[in-house]
Amino acid sequence: MNTGAHVSSATRHENIVEEADAATWVSDGMILAIGDPAPMAMIRQIIRRGVKELTVVGSGLALDLLIAAGCVRRTMAYYVGGGSGGAVAPSFRRAAEQGEIEVWECEEGILTTGLRAAAQGLPFLPWRGGVGTSLPEVNPDLKVIVDPIKGQTLIAVPAIEPDVAILHAAVSDAYGNVQHCGGPGWLDLFLQRAADRTIVQVEKIISNEEIRANPWATTIARADAVVRAPYGAHPFYSRGYYVQDRAFTRLYVEAASAAASSEDRSLLDHFLARYVYEPQTHGDYLEAVGVKQLIALYEY
Amino acid sequence: MNTGAHVSSATRHENIVEEADAATWVSDGMILAIGDPAPMAMIRQIIRRGVKELTVVGSGLALDLLIAAGCVRRTMAYYVGGGSGGAVAPSFRRAAEQGEIEVWECEEGILTTGLRAAAQGLPFLPWRGGVGTSLPEVNPDLKVIVDPIKGQTLIAVPAIEPDVAILHAAVSDAYGNVQHCGGPGWLDLFLQRAADRTIVQVEKIISNEEIRANPWATTIARADAVVRAPYGAHPFYSRGYYVQDRAFTRLYVEAASAAASSEDRSLLDHFLARYVYEPQTHGDYLEAVGVKQLIALYEY
Amino acid sequence: MANDNAAEGQSGPFDPTTASRQEIMATFLANDLEDGEILQIGAAMPVGEVAVRLAHFSHGPNMELIFIGARMNAAHLDVLPTPEFGWDRRTVRWAESYSDTGHRFDRVKDWHRRVFFVGGVQVDPYGNTNLIGVGDDHRRLRFRGPGSVGTSTLATLVGRYHIVLNSHTARTFVPRCDFVSAYGWGQGGADARTKLGLPGGGPKYCVTPLGVMDFAPDTKRMRLRSRHPGVSVEEIQANTGFDLDVGREVPTTPLPTPAQLEIIRTRADRRGALRH
Amino acid sequence: MANDNAAEGQSGPFDPTTASRQEIMATFLANDLEDGEILQIGAAMPVGEVAVRLAHFSHGPNMELIFIGARMNAAHLDVLPTPEFGWDRRTVRWAESYSDTGHRFDRVKDWHRRVFFVGGVQVDPYGNTNLIGVGDDHRRLRFRGPGSVGTSTLATLVGRYHIVLNSHTARTFVPRCDFVSAYGWGQGGADARTKLGLPGGGPKYCVTPLGVMDFAPDTKRMRLRSRHPGVSVEEIQANTGFDLDVGREVPTTPLPTPAQLEIIRTRADRRGALRH
């Protein structure tokens with residue numbers, strides 16, 4: 001309790017954080033959740049920092065890049081497809097087949113259930129999807145239970161509690177009131193609710209007045225940090241801003257596929273050097289990609 | 001399976017239903033869920049039909065009116081306040097004290113959990129809120145359980161599955177794509193998801209093109225029926241249209257309080273006759289209220 | 001700071017000695033609230049509402065206020081009207097977000113920063129409260145209460161809460177609640193909540209028009225912490241249906257400072273709901 | 001109706017004999033879909049996508065199509081482009097609602113009207129499918145699959161589903177899946193699903209570039225229902241890693257009518273994804 005009466009002239013704190021500072025929230029061994037659209041500016045910064053042994057709740061090529069860069073010990077993913085480049089993302093496939101990463105085998109309904117349990121402060125939630133499958137066999141954290149009311153067979157999913165969730169969105173005010181354009185990403189709100197802390201990188205910071213003009217559009221109230229990252233989802237899409245850069249993702253898939261199949265990492269290492277390690281900041285990255293390529297991606 | 005190839009010229013069915021027809025969806029003994037803002041046009045029509053023995057998932061004075069009219073056998077409510085008229089709604093209070101209705105004692109988190117279980121096709125969901133309280137004692141449907149993952153004490157809430165949910169909203173297209181103004185009501189989306197069928201009464205039907213201009217604003221996709229009911233939440237509020245008619249609700253609370261405390265139902269019967277039984281349609285009801293009173297309620 | 005206005009003193013337009021008991025209650029609660037906390041305010045809780053606004057305007061620019069589904073921060077505004085229109089659209093006039101789109105209780109992770117106020121038709125020595133009703137038989141209550149609202153869940157999970165009552169009588173302060181809708185400290189003892197695995201911090205204060213109670217750290221039994229100006233210990237005990245633990249000396253509940261009273265009367269409670 | 005266009009006959013611009021195998025697959029699936037059903041379409045499932053559009057444009061004006069989170073009805077439109085842009089904003093161009101605001105799987109009550117298509121790296125005689133991978137040891141798979149996506153849940157709950165595969169080989173059609181990600185008919189038997197309490201209707205057809213399989217009502221073992229034009233029973237059996245139940249006479253999978261082929265080529269598959 002505050003002792004006695006006080007009238008303070010302190011003002012409201014802003015939640016804008018620089019990308020390098022926000023990346024320090026993620027450290028070795030943590031559970032990191034990454035949203036879709038993928039928060040690539042932050043992911044590149046985390047790779048640059050050399051974070052290791054992450055458990056990643058994520059999917060697709062963004063997760064694959066983290067694996068390719070050696071940051072991942074365990075995946076919690078229901079789908080790691082290769083985009084247009086193939087049925088399975090190449091680095092994920094190779095690392096899983098070699099036993100270099102552990103796959104916490106799950107499925108969309110099950111992952112959602114575990115995230116919801118964490119968000120609701122519950123040790124578990126039950127789910128029916130997956131009864132009869134191999135999922136509880138290959139993932140011993142999933143328990144087959146008999147429900148206490150009607151005696152039905154269900155799967156008890158433990159709470160999945162990321163230390164940090166990182167998302168990409170359209171806009172936020174300085175206080176972390178985030179508004180998506182075209183709806184929040186697939187699991188993003190589940191990730192945000194389940195995580196201890198959430199960082200949202202946004203295309204643009206807008207005024208608090210603009211947020212208050214339509215509070216119903218606010219999808220995340222008070223994200224713990226917002227990071228300014230125009231084009232920050234590149235090479236993936238950002239609704240209302242740009243579409244996926246398919247030529248660029250193909251470049252990655254080719255490099256990663258070569259590394260996975262032939263054990264020749266030279267193309268992949270070149271890719272990582274050019275687009276991840278050498279740029280010191282997100283701005284440097286965008287320079288490497290080039291503004292002509294960026295503006296060619298505008299939605300129409 | 002359809003036998004063989006077929007190309008049909010049939011067109012899309014509209015979901016607009018007349019209030020009298022929609023009310024036939026509710027019959028004796030059903031579980032009826034009513035939203036907030038209260039779908040009063042439909043509630044008055046249901047009372048007119050003389051439906052009995054309902055279990056009502058609802059709250060406040062709308063529920064109280066159904067009790068006053070003798071339609072209710074059991075309530076599933078977390079709060080039945082008397083609005084500005086008192087701490088407890090009068091007809092609910094009297095009927096519960098006399099044992100004329102059964103109260104399925106619950107709480108907001110618990111009710112929400114039971115509705116979610118129904119919506120997710122699960123026999124139960126666990127919830128922590130209420131551990132240590134009298135709720136599991138006075139409501140034997142709530143089971144205190146030990147969770148199968150961490151051994152914590154939780155409450156297993158059975159699925160709450162309304163036969164019909166009736167809601168009030170701003171607009172819909174003819175196909176039941178509903179858009180609220182200013183956010184959906186408190187539990188409305190939980191009710192809709194849990195119910196077998198949903199009727200939404202709306203201030204106005206708008207074109208499908210208007211809906212498609214902003215699909216993210218659609219709060220209920222394909223309600224089973226939409227009923228045209230301008231001013232249909234009167235005497236309660238309808239966001240974006242009108243505020244609560246406090247003089248009118250006071251009239252009701254006075255009449256119902258008199259009936260509850262003195263066993264003299266004359267004021268209440270007069271109220272019910274004038275505003276529920278005598279108007280044959282929602283239009284008749286609005287004539288009884290008067291357009292001057294209605295337009296005085298416009299939001300500003 | 002508060003003392004900046006001390007020069008206006010006791011005889012100024014915001015003379016602390018003119019504070020009503022409800023204004024004193026609101027000030028006490030406001031002083032407990034810390035910047036950055038999340039305040040959930042229920043309907044028909046004018047003392048709590050004003051307390052939250054006073055704290056927000058005086059020392060809580062990072063507080064988040066949740067009225068019904070509307071989450072707002074109004075530290076930059078000169079005034080924040082009471083949402084007198086209930087659940088109609090204007091409740092969200094100052095909102096930055098609206099949480100009520102079908103996923104309530106879907107993020108309780110920050111509820112350790114959340115504070116709320118609970119009422120009751122009964123409260124017992126261990127801060128358990130009852131909104132269900134009074135009587136022996138749940139199927140035929142002598143007095144049917146309004147129902148538990150969201151208090152069972154909130155009391156389970158929030159960082160702390162305060163019991164705020166509009167009246168202080170032996171009918172309300174009972175040795176044992178007929179029914180418990182919000183679990184406070186159970187049968188007492190410092191482990192009353194942890195042994196049930198309840199993450200929330202439980203009730204901290206019980207504030208009434210007569211005084212302020214808290215709970216002894218070891219037994220968690222209710223004790224008298226302060227009496228409002230003009231109220232005697234005897235009056236409080238006589239209106240409490242169980243033995244209150246009373247220390248050797250019971251201080252008077254602090255009055256608002258002139259600066260606080262100015263905020264209450266000009267910004268936090270413009271309609272004067274607490275004035276009398 | 002279909003026969004209205006029969007006069008255009010076999011030599012018209014939409015001559016059924018020019019239908020590709022994928023167009024035949026899509027037509028077969030479309031004929032199974034009924035008006036009023038809800039079709040959930042996964043990414044990278046061109047045959048299923050075209051089947052759904054063909055049904056929607058030909059006989060399903062009350063179907064609801066769900067692409068990713070976007071729910072649409074496009075019966076009034078002349079053409080519906082494939083959402084080739086994945087999850088970017090244009091996917092919802094024709095949508096009437098967008099379900100993906102944090103409450104997915106929060107209404108499965110109408111899923112008995114929902115139909116979807118599932119793929120797999122393995123399928124067994126009882127329609128169990130595997131997207132996890134191939135090998136003995138889950139920790140070191142010989143082939144790591146992409147993961148179960150949402151198929152475990154959908155297969156549990158939807159009214160029925162169809163297994164749709166891009167290739168038909170003995171490597172895919174195996175006596176027993178190494179892992180099961182979507183439970184079909186388990187170990188067989190009419191009660192294979194009810195005994196586990198699974199509300200969904202299970203897999204109905206398995207459609208491949210060679211033919212169409214279904215499941216015997218009593219044993220739920222896969223049997224050959226039809227072979228596509230130009231494919232022999234022997235070819236199908238040789239490419240299936242277990243004994244397929246084969247009836248005395250195996251009919252040819254019906255060709256699209258000219259009217260159906262016209263819809264496919266001019267409206268449902270304008271980009272010609274299935275043409276070859």
# chains A, B, ... in the order shown; residues from 1 in each chain; ligands from 1
>>> residues_around(residues="B:Thr113", least_positions_apart="3", cutoff="10 Å", atoms="only C-alpha atoms", output="PyMOL selection string")
(chain B and resi 107-110+116-119+124-127+156-160+190) or (chain C and resi 105)
>>> write_last_selection(atoms="N, CA and C atoms", output="CSV table (one decimal), in the first residue's frame")
chain,number,residue,atom,x,y,z
B,107,GLU,N,-22.2,-18.8,-11.6
B,107,GLU,CA,-21.4,-17.5,-11.5
B,107,GLU,C,-20.9,-17.3,-13.0
B,108,GLU,N,-20.5,-16.1,-13.2
B,108,GLU,CA,-20.2,-15.7,-14.6
B,108,GLU,C,-19.2,-16.6,-15.2
B,109,GLY,N,-18.1,-16.8,-14.5
B,109,GLY,CA,-17.0,-17.7,-15.1
B,109,GLY,C,-17.5,-19.1,-15.3
B,110,ILE,N,-18.3,-19.6,-14.4
B,110,ILE,CA,-18.8,-20.9,-14.4
B,110,ILE,C,-19.8,-21.1,-15.6
B,116,ARG,N,-19.2,-22.7,-23.1
B,116,ARG,CA,-18.1,-23.0,-24.0
B,116,ARG,C,-17.9,-24.5,-24.2
B,117,ALA,N,-18.2,-25.3,-23.1
B,117,ALA,CA,-18.1,-26.7,-23.3
B,117,ALA,C,-19.1,-27.2,-24.4
B,118,ALA,N,-20.3,-26.6,-24.3
B,118,ALA,CA,-21.4,-27.0,-25.3
B,118,ALA,C,-20.9,-26.6,-26.7
B,119,ALA,N,-20.4,-25.4,-26.8
B,119,ALA,CA,-20.0,-24.9,-28.1
B,119,ALA,C,-18.8,-25.7,-28.7
B,124,PHE,N,-17.8,-31.4,-20.6
B,124,PHE,CA,-17.5,-30.5,-19.5
B,124,PHE,C,-16.2,-29.7,-19.9
B,125,LEU,N,-16.0,-28.7,-19.1
B,125,LEU,CA,-14.7,-28.0,-19.1
B,125,LEU,C,-14.4,-27.6,-17.6
B,126,PRO,N,-13.2,-27.6,-17.3
B,126,PRO,CA,-12.8,-27.2,-15.9
B,126,PRO,C,-12.7,-25.7,-15.7
B,127,TRP,N,-12.9,-25.3,-14.5
B,127,TRP,CA,-12.7,-23.8,-14.1
B,127,TRP,C,-12.3,-23.7,-12.7
B,156,ALA,N,-15.5,-29.0,-12.3
B,156,ALA,CA,-15.9,-29.5,-13.6
B,156,ALA,C,-17.3,-29.0,-13.9
B,157,VAL,N,-17.4,-28.2,-14.9
B,157,VAL,CA,-18.7,-27.6,-15.3
B,157,VAL,C,-19.3,-28.4,-16.5
B,158,PRO,N,-20.5,-28.9,-16.4
B,158,PRO,CA,-21.1,-29.6,-17.5
B,158,PRO,C,-21.5,-28.7,-18.6
B,159,ALA,N,-21.5,-29.2,-19.8
B,159,ALA,CA,-22.0,-28.4,-21.0
B,159,ALA,C,-23.4,-27.9,-20.7
B,160,ILE,N,-23.5,-26.6,-21.0
B,160,ILE,CA,-24.8,-26.0,-21.0
B,160,ILE,C,-25.3,-25.7,-22.4
B,190,PHE,N,-21.2,-16.3,-26.6
B,190,PHE,CA,-21.2,-17.6,-25.9
B,190,PHE,C,-22.5,-18.3,-26.1
C,105,PHE,N,-12.5,-13.8,-19.8
C,105,PHE,CA,-11.7,-14.7,-19.0
C,105,PHE,C,-10.7,-15.5,-19.8
>>> closest_atom_pairs(of="chain C", to="chain A", cutoff="7 Å", atoms="only C-alpha atoms", output="JSON lines")
{"residue": "C:Met1", "atom": "CA", "partner": "A:Val7", "partner_atom": "CA", "distance": 4.7}
{"residue": "C:Ala2", "atom": "CA", "partner": "A:Val7", "partner_atom": "CA", "distance": 5.2}
{"residue": "C:Asn31", "atom": "CA", "partner": "A:Ala5", "partner_atom": "CA", "distance": 5.8}
{"residue": "C:Asp32", "atom": "CA", "partner": "A:Met1", "partner_atom": "CA", "distance": 4.9}
{"residue": "C:Ser58", "atom": "CA", "partner": "A:Val7", "partner_atom": "CA", "distance": 4.2}
{"residue": "C:His59", "atom": "CA", "partner": "A:Ser8", "partner_atom": "CA", "distance": 4.5}
{"residue": "C:Pro61", "atom": "CA", "partner": "A:Arg12", "partner_atom": "CA", "distance": 5.0}
{"residue": "C:Asn62", "atom": "CA", "partner": "A:Arg12", "partner_atom": "CA", "distance": 5.2}
{"residue": "C:Trp94", "atom": "CA", "partner": "A:Arg212", "partner_atom": "CA", "distance": 6.7}
{"residue": "C:Ala95", "atom": "CA", "partner": "A:Pro215", "partner_atom": "CA", "distance": 5.9}
{"residue": "C:Glu96", "atom": "CA", "partner": "A:Pro215", "partner_atom": "CA", "distance": 4.8}
{"residue": "C:Ser97", "atom": "CA", "partner": "A:Pro215", "partner_atom": "CA", "distance": 4.4}
{"residue": "C:Tyr98", "atom": "CA", "partner": "A:Trp216", "partner_atom": "CA", "distance": 5.4}
{"residue": "C:Phe105", "atom": "CA", "partner": "A:Gln120", "partner_atom": "CA", "distance": 6.4}
{"residue": "C:Asp106", "atom": "CA", "partner": "A:Gln120", "partner_atom": "CA", "distance": 5.3}
{"residue": "C:Arg107", "atom": "CA", "partner": "A:Ala119", "partner_atom": "CA", "distance": 4.7}
{"residue": "C:Val108", "atom": "CA", "partner": "A:Gln120", "partner_atom": "CA", "distance": 5.4}
{"residue": "C:Lys109", "atom": "CA", "partner": "A:Ala119", "partner_atom": "CA", "distance": 6.1}
{"residue": "C:Thr257", "atom": "CA", "partner": "A:Ala5", "partner_atom": "CA", "distance": 6.9}
>>> write_last_selection(atoms="N, CA, C and O atoms", output="short mmCIF file (atom, residue, chain, number, x, y, z; two decimals), in the first residue's frame")
data_model
loop_
_atom_site.label_atom_id
_atom_site.label_comp_id
_atom_site.auth_asym_id
_atom_site.auth_seq_id
_atom_site.Cartn_x
_atom_site.Cartn_y
_atom_site.Cartn_z
N MET C 1 2.15 17.53 -5.73
CA MET C 1 1.90 16.64 -4.59
C MET C 1 0.79 17.19 -3.71
O MET C 1 0.43 18.34 -3.79
N ALA C 2 0.31 16.33 -2.86
CA ALA C 2 -0.85 16.68 -2.05
C ALA C 2 -0.65 17.98 -1.27
O ALA C 2 -1.53 18.83 -1.21
N ASN C 31 -5.97 5.41 -1.93
CA ASN C 31 -4.60 5.41 -1.42
C ASN C 31 -3.96 4.03 -1.48
O ASN C 31 -2.74 3.90 -1.48
N ASP C 32 -4.81 3.01 -1.50
CA ASP C 32 -4.27 1.65 -1.60
C ASP C 32 -3.89 1.28 -3.02
O ASP C 32 -3.08 0.37 -3.23
N SER C 58 -4.83 11.11 -9.65
CA SER C 58 -3.86 11.67 -8.72
C SER C 58 -2.48 11.02 -8.83
O SER C 58 -1.47 11.71 -8.86
N HIS C 59 -2.43 9.72 -8.90
CA HIS C 59 -1.11 9.06 -8.91
C HIS C 59 -1.06 7.81 -9.77
O HIS C 59 -0.09 7.05 -9.70
N PRO C 61 -1.28 7.28 -13.51
CA PRO C 61 -1.45 7.52 -14.95
C PRO C 61 -1.31 6.25 -15.79
O PRO C 61 -1.70 6.26 -16.95
N ASN C 62 -0.78 5.19 -15.22
CA ASN C 62 -0.66 3.94 -15.97
C ASN C 62 -1.69 2.90 -15.57
O ASN C 62 -1.57 1.73 -15.90
N TRP C 94 -14.60 6.47 -23.76
CA TRP C 94 -13.18 6.76 -23.59
C TRP C 94 -12.30 5.54 -23.77
O TRP C 94 -11.12 5.57 -23.48
N ALA C 95 -12.88 4.48 -24.26
CA ALA C 95 -12.14 3.21 -24.25
C ALA C 95 -11.04 3.17 -25.29
O ALA C 95 -11.10 3.82 -26.32
N GLU C 96 -10.04 2.35 -24.98
CA GLU C 96 -8.99 2.04 -25.95
C GLU C 96 -9.16 0.63 -26.50
O GLU C 96 -8.60 0.30 -27.54
N SER C 97 -9.88 -0.18 -25.76
CA SER C 97 -10.19 -1.51 -26.28
C SER C 97 -11.47 -1.98 -25.63
O SER C 97 -11.92 -1.42 -24.62
N TYR C 98 -12.01 -2.99 -26.22
CA TYR C 98 -13.30 -3.51 -25.78
C TYR C 98 -13.12 -5.02 -25.76
O TYR C 98 -12.90 -5.64 -26.80
N PHE C 105 -12.50 -13.79 -19.82
CA PHE C 105 -11.73 -14.69 -18.95
C PHE C 105 -10.70 -15.48 -19.77
O PHE C 105 -10.24 -16.52 -19.33
N ASP C 106 -10.37 -14.99 -20.95
CA ASP C 106 -9.40 -15.72 -21.77
C ASP C 106 -8.00 -15.18 -21.61
O ASP C 106 -7.10 -15.61 -22.33
N ARG C 107 -7.80 -14.22 -20.76
CA ARG C 107 -6.43 -13.91 -20.35
C ARG C 107 -6.43 -13.46 -18.91
O ARG C 107 -6.63 -12.28 -18.59
N VAL C 108 -6.17 -14.38 -18.03
CA VAL C 108 -6.14 -14.05 -16.60
C VAL C 108 -4.68 -13.90 -16.14
O VAL C 108 -4.43 -13.72 -14.95
N LYS C 109 -3.76 -13.96 -17.09
CA LYS C 109 -2.35 -13.96 -16.71
C LYS C 109 -1.91 -12.67 -16.04
O LYS C 109 -0.97 -12.67 -15.26
N THR C 257 -6.88 14.69 1.50
CA THR C 257 -6.23 16.00 1.48
C THR C 257 -7.10 16.96 0.68
O THR C 257 -7.97 16.51 -0.09
#
>>> select_by_dssp(residues="stretch 47-147 of chain C", states="strand (DSSP E or B)", output="ChimeraX atom specification")
/C:64-67,70-72,95-98,114-118,122-123,129-130,133-134,143-144
>>> atom_distance(atom1="atom CA of A:Gly183", atom2="atom CA of D:Glu64")
19.5 Å
>>> decode(residues="stretch 200-209 of chain B", atoms="all heavy atoms", output="mmCIF file, in the first residue's frame")
data_model
loop_
_atom_site.group_PDB
_atom_site.id
_atom_site.type_symbol
_atom_site.label_atom_id
_atom_site.label_comp_id
_atom_site.auth_asym_id
_atom_site.auth_seq_id
_atom_site.Cartn_x
_atom_site.Cartn_y
_atom_site.Cartn_z
ATOM 1 N N VAL B 200 -31.816 -14.064 -34.173
ATOM 2 C CA VAL B 200 -31.320 -12.722 -33.865
ATOM 3 C C VAL B 200 -32.344 -11.715 -34.360
ATOM 4 O O VAL B 200 -32.652 -11.671 -35.554
ATOM 5 C CB VAL B 200 -29.955 -12.440 -34.515
ATOM 6 C CG1 VAL B 200 -29.450 -11.060 -34.092
ATOM 7 C CG2 VAL B 200 -28.945 -13.505 -34.117
ATOM 8 N N GLN B 201 -32.888 -10.934 -33.453
ATOM 9 C CA GLN B 201 -33.748 -9.834 -33.889
ATOM 10 C C GLN B 201 -32.872 -8.605 -34.081
ATOM 11 O O GLN B 201 -31.972 -8.338 -33.294
ATOM 12 C CB GLN B 201 -34.899 -9.598 -32.905
ATOM 13 C CG GLN B 201 -34.456 -9.294 -31.491
ATOM 14 C CD GLN B 201 -35.606 -8.803 -30.617
ATOM 15 O OE1 GLN B 201 -36.592 -9.497 -30.447
ATOM 16 N NE2 GLN B 201 -35.469 -7.600 -30.072
ATOM 17 N N VAL B 202 -33.139 -7.863 -35.167
ATOM 18 C CA VAL B 202 -32.243 -6.761 -35.530
ATOM 19 C C VAL B 202 -33.024 -5.477 -35.751
ATOM 20 O O VAL B 202 -34.209 -5.495 -36.081
ATOM 21 C CB VAL B 202 -31.424 -7.089 -36.800
ATOM 22 C CG1 VAL B 202 -30.467 -8.241 -36.536
ATOM 23 C CG2 VAL B 202 -32.328 -7.391 -37.982
ATOM 24 N N GLU B 203 -32.295 -4.383 -35.571
ATOM 25 C CA GLU B 203 -32.903 -3.084 -35.848
ATOM 26 C C GLU B 203 -33.221 -2.945 -37.336
ATOM 27 O O GLU B 203 -34.185 -2.295 -37.717
ATOM 28 C CB GLU B 203 -31.947 -1.954 -35.418
ATOM 29 C CG GLU B 203 -31.691 -1.887 -33.907
ATOM 30 C CD GLU B 203 -32.905 -1.435 -33.102
ATOM 31 O OE1 GLU B 203 -33.800 -0.797 -33.660
ATOM 32 O OE2 GLU B 203 -32.942 -1.746 -31.883
ATOM 33 N N LYS B 204 -32.397 -3.580 -38.164
ATOM 34 C CA LYS B 204 -32.493 -3.291 -39.584
ATOM 35 C C LYS B 204 -31.838 -4.408 -40.382
ATOM 36 O O LYS B 204 -30.799 -4.932 -39.991
ATOM 37 C CB LYS B 204 -31.718 -1.986 -39.842
ATOM 38 C CG LYS B 204 -32.077 -1.222 -41.079
ATOM 39 C CD LYS B 204 -31.280 0.083 -41.075
ATOM 40 C CE LYS B 204 -31.106 0.605 -42.482
ATOM 41 N NZ LYS B 204 -30.174 1.729 -42.521
ATOM 42 N N ILE B 205 -32.459 -4.730 -41.527
ATOM 43 C CA ILE B 205 -31.808 -5.646 -42.478
ATOM 44 C C ILE B 205 -31.028 -4.784 -43.475
ATOM 45 O O ILE B 205 -31.572 -3.800 -44.000
ATOM 46 C CB ILE B 205 -32.849 -6.484 -43.246
ATOM 47 C CG1 ILE B 205 -33.745 -7.272 -42.282
ATOM 48 C CG2 ILE B 205 -32.166 -7.397 -44.259
ATOM 49 C CD1 ILE B 205 -33.126 -8.495 -41.693
ATOM 50 N N ILE B 206 -29.791 -5.152 -43.711
ATOM 51 C CA ILE B 206 -28.995 -4.405 -44.700
ATOM 52 C C ILE B 206 -28.585 -5.363 -45.814
ATOM 53 O O ILE B 206 -28.798 -6.572 -45.725
ATOM 54 C CB ILE B 206 -27.767 -3.722 -44.072
ATOM 55 C CG1 ILE B 206 -26.803 -4.763 -43.493
ATOM 56 C CG2 ILE B 206 -28.197 -2.723 -43.000
ATOM 57 C CD1 ILE B 206 -25.496 -4.164 -43.000
ATOM 58 N N SER B 207 -27.989 -4.812 -46.855
ATOM 59 C CA SER B 207 -27.668 -5.641 -48.009
ATOM 60 C C SER B 207 -26.465 -6.527 -47.730
ATOM 61 O O SER B 207 -25.607 -6.223 -46.903
ATOM 62 C CB SER B 207 -27.371 -4.755 -49.220
ATOM 63 O OG SER B 207 -26.123 -4.113 -49.034
ATOM 64 N N ASN B 208 -26.413 -7.618 -48.456
ATOM 65 C CA ASN B 208 -25.262 -8.511 -48.376
ATOM 66 C C ASN B 208 -23.979 -7.785 -48.784
ATOM 67 O O ASN B 208 -22.904 -8.034 -48.214
ATOM 68 C CB ASN B 208 -25.526 -9.723 -49.287
ATOM 69 C CG ASN B 208 -24.372 -10.697 -49.344
ATOM 70 O OD1 ASN B 208 -23.648 -10.756 -50.344
ATOM 71 N ND2 ASN B 208 -24.184 -11.457 -48.287
ATOM 72 N N GLU B 209 -24.093 -6.858 -49.725
ATOM 73 C CA GLU B 209 -22.915 -6.093 -50.151
ATOM 74 C C GLU B 209 -22.353 -5.274 -48.989
ATOM 75 O O GLU B 209 -21.149 -5.157 -48.826
ATOM 76 C CB GLU B 209 -23.270 -5.151 -51.314
ATOM 77 C CG GLU B 209 -23.442 -5.839 -52.653
ATOM 78 C CD GLU B 209 -24.727 -6.661 -52.769
ATOM 79 O OE1 GLU B 209 -25.644 -6.468 -51.935
ATOM 80 O OE2 GLU B 209 -24.817 -7.502 -53.672
#
